[in-house]
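J.: After the structure tokens below, expect a handful of questions from me.
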Amino acid sequence: MKIAVLTLGCKTNLAESDYMKQLFLKRGHDLVKLKDSPDICVINTCTVTKKSDYQCRQIIRRALKTGARVYVTGCYSQISEEEIKRISPEIRIVRNDEKDYIINVIDDNTESKTSSKVRIDRARPFVKIQEGCNFRCSYCVIHRARGRSVSRQRDEIISEINLLEEAGYDEVVLTGTHIGLYGYDISGRPGLSELIEDILQNTKRIRIRLSSLEIHEIDDRLYQLLSEKRIRPHLHIPIQSADDRILSLMKRPYNLNMLQSKLKVLYDIKRDINLGTDIIVGFPTEGDSEFYNTYSFLKENRINYIHIFPYSDRPGTDASKMSEKVPEPVKRQRYDILKELDQSKRRGYRESQIGCAVEVVMERMAENGMIKGKSENYLDVMFEAKEFQKGKTVKVKILKQSGGVLVGSTY
């Protein structure tokens with residue numbers, strides 16, 4: 001059977017889709033693109049914003065037009081099942097905690113054969129360490145879609161990383177809905193820091209990259225681990241706002257003082273770290289002063305890129321019931337202001353890398369014949385090399401930046 005797997009949203013979705021793809025391959029199915037007339041289409045959805053909901057509906061309609069049997073899973077399908085069924089009653093909805101059901105249904109309704117072929121398309125595979133979130137931020141529905149945090153067993157995670165290392169991969173990304181909650185549901189409550197230590201002790205060379213991590217969950221142990229050579233010098237810390245009143249309304253578990261003090265420790269330990277963040281603009285009741293508190297914080301601190309999200313009501317959230325909604329033109333204006341700051345910070349950080357030697361994981365061949373990869377500090381790099389080996393690491397000296405990409409040469 002020809003199966004297309006389409007993924008929207010976060011790295012957790014990408015990790016889950018990668019896992020499903022491996023199961024499909026092992027059971028003898030062929031992975032294809034949507035344009036290749038699949039027999040079955042699996043869509044792993046996202047519901048973080050209204051825009052992502054719209055994108056999910058678009059791709060569901062595109063999949064239906066191919067004539068494939070369509071299975072929809074992921075967060076949007078958990079929150080908006082009736083909305084999806086209005087598109088077509090023939091769509092099969094599969095809950096997040098029942099994703100293996102997709103595999104079983106396919107094999108129950110088709111002739112399946114086992115196969116030894118395994119393919120990971122990514123240069124940097126994602127390793128999911130937990131799923132779910134115990135927090136109740138006032139703007140977010142992900143805790144309803146994913147449930148409470150459930151951690152994978154440490155031995156299972158280490159075994160997967162060892163297999164990837166043996167397969168020749170040089171880097172993995174630890175991901176989950178809320179990775180800072182790792183181990184809270186396991187006896188003895190081994191945390192994320194302990195898991196990372198165990199991975200380092202039980203693997204030989206593979207590098208570890210962390211996905212999104214909350215600032216209040218970076219403890220002293222994790223600070224020290226970030227200085228380890230095998231831990232990539234990059235963190236994405238979603239602060240959402242830098243105004244105490246707005247943070248309180250968002251039900252975020254920190255304030256501006258905590259943000260500033262923890263970032264200072266982080267900079268002192270790892271001065272070359274690349275820090276990025278998420279910001280919501282136009283949260284209900286956000287005035288000019290609250291917005292400029294956030295703007296000033298971002299401008300004054302060494303945060304090198306900003307993912308900006310105009311606020312949108314999510315069904316059933318506390319924020320959706322708040323009055324004093326910010327008008328759309330104001331949200332757009334604030335988005336544009338932060339986008340300009342984001343672009344300036346990205347350029348400045350790239351400029352600071354010129355003359356540096358960095359490790360780069362090879363990802364793909366570019367149209368101009370050069371190799372494109374991702375640096376240890378999460379920057380796009382183009383360079384020439386004698387051969388292309390997807391997923392392998394090379395040392396590159398950065399010579400210049402061009403069109404938002406660093407350009408370098410191998411040693």
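For the structure tokens, the naming scheme is as follows: chains receive sequential letters (A, B, ...) according to their order of presentation, residues are indexed from 1 within each chain, and ligands are indexed from 1 in presentation order.
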Can you list, as a VMD selection string, all residues belonging to segment 59-295 of chain A that DSSP tags as alpha helix (DSSP H)?

T.: chain A and resid 59 to 65 75 to 79 81 to 87 100 to 109 142 to 146 154 to 166 192 to 202 220 to 225 244 to 250 256 to 269 288 to 295

J.: Store the residues picked out above in a file with C-alpha atoms, as an mmCIF file, in the first residue's frame.

T.:
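The new file part_9.cif reads:
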```cif
data_model
loop_
_atom_site.group_PDB
_atom_site.id
_atom_site.type_symbol
_atom_site.label_atom_id
_atom_site.label_comp_id
_atom_site.auth_asym_id
_atom_site.auth_seq_id
_atom_site.Cartn_x
_atom_site.Cartn_y
_atom_site.Cartn_z
ATOM 1 C CA ILE A 59 -4.574 19.882 3.990
ATOM 2 C CA ILE A 60 -7.420 17.515 4.948
ATOM 3 C CA ARG A 61 -9.409 18.742 1.925
ATOM 4 C CA ARG A 62 -6.365 18.315 -0.318
ATOM 5 C CA ALA A 63 -5.920 14.754 0.911
ATOM 6 C CA LEU A 64 -9.579 13.906 0.285
ATOM 7 C CA LYS A 65 -9.278 15.104 -3.317
ATOM 8 C CA CYS A 75 -4.090 17.923 18.594
ATOM 9 C CA TYR A 76 -6.586 19.540 16.195
ATOM 10 C CA SER A 77 -8.471 16.263 15.823
ATOM 11 C CA GLN A 78 -8.730 15.934 19.620
ATOM 12 C CA ILE A 79 -10.212 19.405 20.099
ATOM 13 C CA GLU A 81 -13.561 16.348 15.892
ATOM 14 C CA GLU A 82 -17.008 17.629 14.860
ATOM 15 C CA GLU A 83 -15.419 20.334 12.701
ATOM 16 C CA ILE A 84 -13.392 17.683 10.878
ATOM 17 C CA LYS A 85 -16.395 15.410 10.418
ATOM 18 C CA ARG A 86 -18.247 18.294 8.754
ATOM 19 C CA ILE A 87 -15.571 18.270 6.049
ATOM 20 C CA ASP A 100 -0.856 2.639 16.884
ATOM 21 C CA TYR A 101 -4.514 2.004 15.951
ATOM 22 C CA ILE A 102 -3.735 3.567 12.571
ATOM 23 C CA ILE A 103 -1.192 0.831 11.936
ATOM 24 C CA ASN A 104 -3.551 -1.908 13.057
ATOM 25 C CA VAL A 105 -6.449 -0.678 10.903
ATOM 26 C CA ILE A 106 -4.269 -0.494 7.824
ATOM 27 C CA ASP A 107 -2.968 -4.006 8.358
ATOM 28 C CA ASP A 108 -6.461 -5.358 9.106
ATOM 29 C CA ASN A 109 -7.787 -3.992 5.814
ATOM 30 C CA ILE A 142 -2.676 21.571 24.328
ATOM 31 C CA HIS A 143 -3.154 20.108 27.818
ATOM 32 C CA ARG A 144 -6.658 19.052 26.731
ATOM 33 C CA ALA A 145 -5.407 17.574 23.475
ATOM 34 C CA ARG A 146 -2.383 15.770 24.947
ATOM 35 C CA ARG A 154 14.886 5.921 30.460
ATOM 36 C CA ASP A 155 16.179 2.572 29.159
ATOM 37 C CA GLU A 156 13.845 2.765 26.163
ATOM 38 C CA ILE A 157 15.084 6.261 25.279
ATOM 39 C CA ILE A 158 18.752 5.305 25.624
ATOM 40 C CA SER A 159 18.215 2.164 23.550
ATOM 41 C CA GLU A 160 16.681 4.236 20.733
ATOM 42 C CA ILE A 161 19.556 6.730 20.812
ATOM 43 C CA ASN A 162 22.115 3.904 20.756
ATOM 44 C CA LEU A 163 20.440 2.460 17.659
ATOM 45 C CA LEU A 164 20.606 5.857 15.969
ATOM 46 C CA GLU A 165 24.257 6.224 16.930
ATOM 47 C CA GLU A 166 25.028 2.773 15.523
ATOM 48 C CA LEU A 192 15.499 15.874 32.605
ATOM 49 C CA SER A 193 19.016 16.535 33.929
ATOM 50 C CA GLU A 194 19.358 12.960 35.158
ATOM 51 C CA LEU A 195 18.102 11.621 31.823
ATOM 52 C CA ILE A 196 20.682 13.689 29.920
ATOM 53 C CA GLU A 197 23.465 12.485 32.235
ATOM 54 C CA ASP A 198 22.410 8.880 31.633
ATOM 55 C CA ILE A 199 22.361 9.424 27.861
ATOM 56 C CA LEU A 200 25.869 10.907 27.936
ATOM 57 C CA GLN A 201 27.163 8.030 30.060
ATOM 58 C CA ASN A 202 25.585 5.316 27.916
ATOM 59 C CA ASP A 220 21.625 24.112 38.637
ATOM 60 C CA ARG A 221 22.273 20.588 37.381
ATOM 61 C CA LEU A 222 20.996 21.428 33.907
ATOM 62 C CA TYR A 223 23.009 24.660 33.819
ATOM 63 C CA GLN A 224 26.188 22.626 34.328
ATOM 64 C CA LEU A 225 25.193 20.045 31.720
ATOM 65 C CA ASP A 244 4.490 40.753 34.883
ATOM 66 C CA ARG A 245 0.782 41.607 34.659
ATOM 67 C CA ILE A 246 0.375 39.825 31.322
ATOM 68 C CA LEU A 247 2.426 36.835 32.528
ATOM 69 C CA SER A 248 0.082 36.539 35.509
ATOM 70 C CA LEU A 249 -3.001 36.642 33.265
ATOM 71 C CA MET A 250 -1.386 34.014 31.033
ATOM 72 C CA LEU A 256 10.393 39.160 34.942
ATOM 73 C CA ASN A 257 12.898 38.951 37.808
ATOM 74 C CA MET A 258 13.150 35.178 37.438
ATOM 75 C CA LEU A 259 13.578 35.514 33.678
ATOM 76 C CA GLN A 260 16.400 38.010 34.033
ATOM 77 C CA SER A 261 18.249 36.156 36.787
ATOM 78 C CA LYS A 262 18.087 32.765 35.071
ATOM 79 C CA LEU A 263 19.178 34.191 31.724
ATOM 80 C CA LYS A 264 22.158 35.869 33.422
ATOM 81 C CA VAL A 265 23.311 32.535 34.874
ATOM 82 C CA LEU A 266 22.833 30.911 31.477
ATOM 83 C CA TYR A 267 24.929 33.553 29.701
ATOM 84 C CA ASP A 268 27.669 33.267 32.342
ATOM 85 C CA ILE A 269 27.916 29.493 31.905
ATOM 86 C CA ASP A 288 1.160 49.785 24.711
ATOM 87 C CA SER A 289 3.107 49.869 27.986
ATOM 88 C CA GLU A 290 2.911 46.076 28.441
ATOM 89 C CA PHE A 291 3.932 45.496 24.842
ATOM 90 C CA TYR A 292 6.916 47.836 25.111
ATOM 91 C CA ASN A 293 8.008 46.133 28.338
ATOM 92 C CA THR A 294 8.297 42.966 26.273
ATOM 93 C CA TYR A 295 9.964 44.791 23.384
#
```

J.: With only C-alpha atoms as the counted atoms, please give the residues lying no more than 12 Å from Glu324 of chain A, apart from itself and same-chain residues fewer than 6 positions off, as a PyMOL selection string.

T.: chain A and resi 282-287

J.: With a distance cut-off of 6 Å and only C-alpha atoms, select the neighbouring residues of segment 299-311 of chain A, excluding the residue or stretch itself and same-chain residues fewer than 3 positions from it, and output the selection as a list in words.

T.: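 Listed by chain and then number, they are Leu275, Gly276, Thr277, Asp278, Ile279, Ile280, Val281, Gly282, Phe283, Ser296, Asp342, Lys345 and Arg346 of chain A.
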
J.: Using only C-alpha atoms, which of the listed residues (A:Val172, A:Ile371, A:Leu181, A:Ile186) sits closest to Ile208 of chain A?

T.: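 With only C-alpha atoms as the atom set, the closest residue is A:Val172.
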
J.: Find the residues near Cys56 of chain A: any atom within 10 Å, counting only C-alpha atoms, skip ones fewer than 6 places away on the same chain, and give them as a ChimeraX atom specification.

T.: /A:6-9,43-47,50,62,72,76-77,84

J.: Please provide the set of residues having any atom within 12 Å of Asp318 of chain A, restricted to only C-alpha atoms, with same-chain residues fewer than 4 positions apart removed, written as an MDAnalysis selection string.

T.: chainID A and resid 136:141 249:251 283:284 313:314 322:323

J.: Quick one, how far is atom CA of Asp97 of chain A from atom CA of Lys11 of chain A?

T.: 16.9 Å

J.: For the strand (DSSP E) assignment from backbone DSSP, which residues of segment 91-199 of chain A qualify? Please present them as JSON, numbers by chain.

T.: {"A": [92, 93, 126, 127, 128, 129, 130, 131, 150, 151, 171, 172, 173, 174, 175, 176]}

J.: So that I have them on file, write out the residues from the current selection with C-alpha atoms, as a PDB file, in the first residue's frame.

T.:
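Final file, again29.pdb:
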```
ATOM      1  CA  ARG A  92     -11.292   8.472  10.440  1.00  0.00           C
ATOM      2  CA  ILE A  93     -10.294  10.233  13.669  1.00  0.00           C
ATOM      3  CA  PHE A 126      13.815  13.429  16.894  1.00  0.00           C
ATOM      4  CA  VAL A 127      13.623  11.275  20.020  1.00  0.00           C
ATOM      5  CA  LYS A 128      10.394  11.752  21.949  1.00  0.00           C
ATOM      6  CA  ILE A 129      10.965  11.544  25.720  1.00  0.00           C
ATOM      7  CA  GLN A 130       7.510  12.464  27.037  1.00  0.00           C
ATOM      8  CA  GLU A 131       4.049  13.597  26.012  1.00  0.00           C
ATOM      9  CA  VAL A 150       3.625  10.811  30.564  1.00  0.00           C
ATOM     10  CA  SER A 151       7.345  10.012  30.378  1.00  0.00           C
ATOM     11  CA  GLU A 171      22.958  14.286  16.538  1.00  0.00           C
ATOM     12  CA  VAL A 172      19.500  13.691  18.012  1.00  0.00           C
ATOM     13  CA  VAL A 173      16.884  16.151  19.253  1.00  0.00           C
ATOM     14  CA  LEU A 174      15.148  15.365  22.548  1.00  0.00           C
ATOM     15  CA  THR A 175      11.549  16.430  22.142  1.00  0.00           C
ATOM     16  CA  GLY A 176       8.134  16.241  23.770  1.00  0.00           C
TER      17      GLY A 176
END
```

J.: For Gln401 of chain A, please output as number ranges by chain all residues within 10 Å (counting only C-alpha atoms; exclusion window: fewer than 5 positions along the same chain).

T.: A: 347, 350-351, 353-354, 380-382, 406-408

J.: Take the residues that were just selected and, keeping N, CA and C atoms, output them as an mmCIF file, in the first residue's frame.

T.:
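Output contents, as saved in part.cif:
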```cif
data_model
loop_
_atom_site.group_PDB
_atom_site.id
_atom_site.type_symbol
_atom_site.label_atom_id
_atom_site.label_comp_id
_atom_site.auth_asym_id
_atom_site.auth_seq_id
_atom_site.Cartn_x
_atom_site.Cartn_y
_atom_site.Cartn_z
ATOM 1 N N ARG A 347 20.300 38.803 12.069
ATOM 2 C CA ARG A 347 21.445 39.288 11.288
ATOM 3 C C ARG A 347 22.664 39.513 12.181
ATOM 4 N N ARG A 350 24.194 36.164 13.272
ATOM 5 C CA ARG A 350 24.921 35.546 12.162
ATOM 6 C C ARG A 350 26.248 36.263 11.920
ATOM 7 N N GLU A 351 26.207 37.587 11.975
ATOM 8 C CA GLU A 351 27.428 38.378 11.765
ATOM 9 C C GLU A 351 28.495 38.012 12.799
ATOM 10 N N GLN A 353 29.182 35.260 13.965
ATOM 11 C CA GLN A 353 29.753 33.937 13.712
ATOM 12 C C GLN A 353 30.834 33.947 12.634
ATOM 13 N N ILE A 354 30.975 35.049 11.909
ATOM 14 C CA ILE A 354 31.968 35.113 10.831
ATOM 15 C C ILE A 354 33.369 34.983 11.423
ATOM 16 N N ASP A 380 21.552 28.049 9.810
ATOM 17 C CA ASP A 380 21.677 27.450 8.483
ATOM 18 C C ASP A 380 23.031 27.814 7.886
ATOM 19 N N VAL A 381 23.724 26.794 7.366
ATOM 20 C CA VAL A 381 25.061 26.991 6.814
ATOM 21 C C VAL A 381 25.142 26.322 5.446
ATOM 22 N N MET A 382 25.740 27.019 4.489
ATOM 23 C CA MET A 382 26.017 26.462 3.160
ATOM 24 C C MET A 382 27.526 26.343 3.006
ATOM 25 N N LEU A 406 24.547 31.435 6.550
ATOM 26 C CA LEU A 406 25.995 31.540 6.670
ATOM 27 C C LEU A 406 26.659 30.735 5.567
ATOM 28 N N VAL A 407 27.762 31.220 5.069
ATOM 29 C CA VAL A 407 28.516 30.530 4.020
ATOM 30 C C VAL A 407 29.918 30.261 4.551
ATOM 31 N N GLY A 408 30.392 29.018 4.376
ATOM 32 C CA GLY A 408 31.699 28.678 4.905
ATOM 33 C C GLY A 408 32.411 27.644 4.072
#
```

J.: Smallest atom-to-atom distance to Lys2 of chain A: which of A:Lys321, A:Arg57, A:Arg69, A:His178, using only C-alpha atoms?

T.: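 Selected residue with least distance to Lys2 of chain A: A:Arg69.
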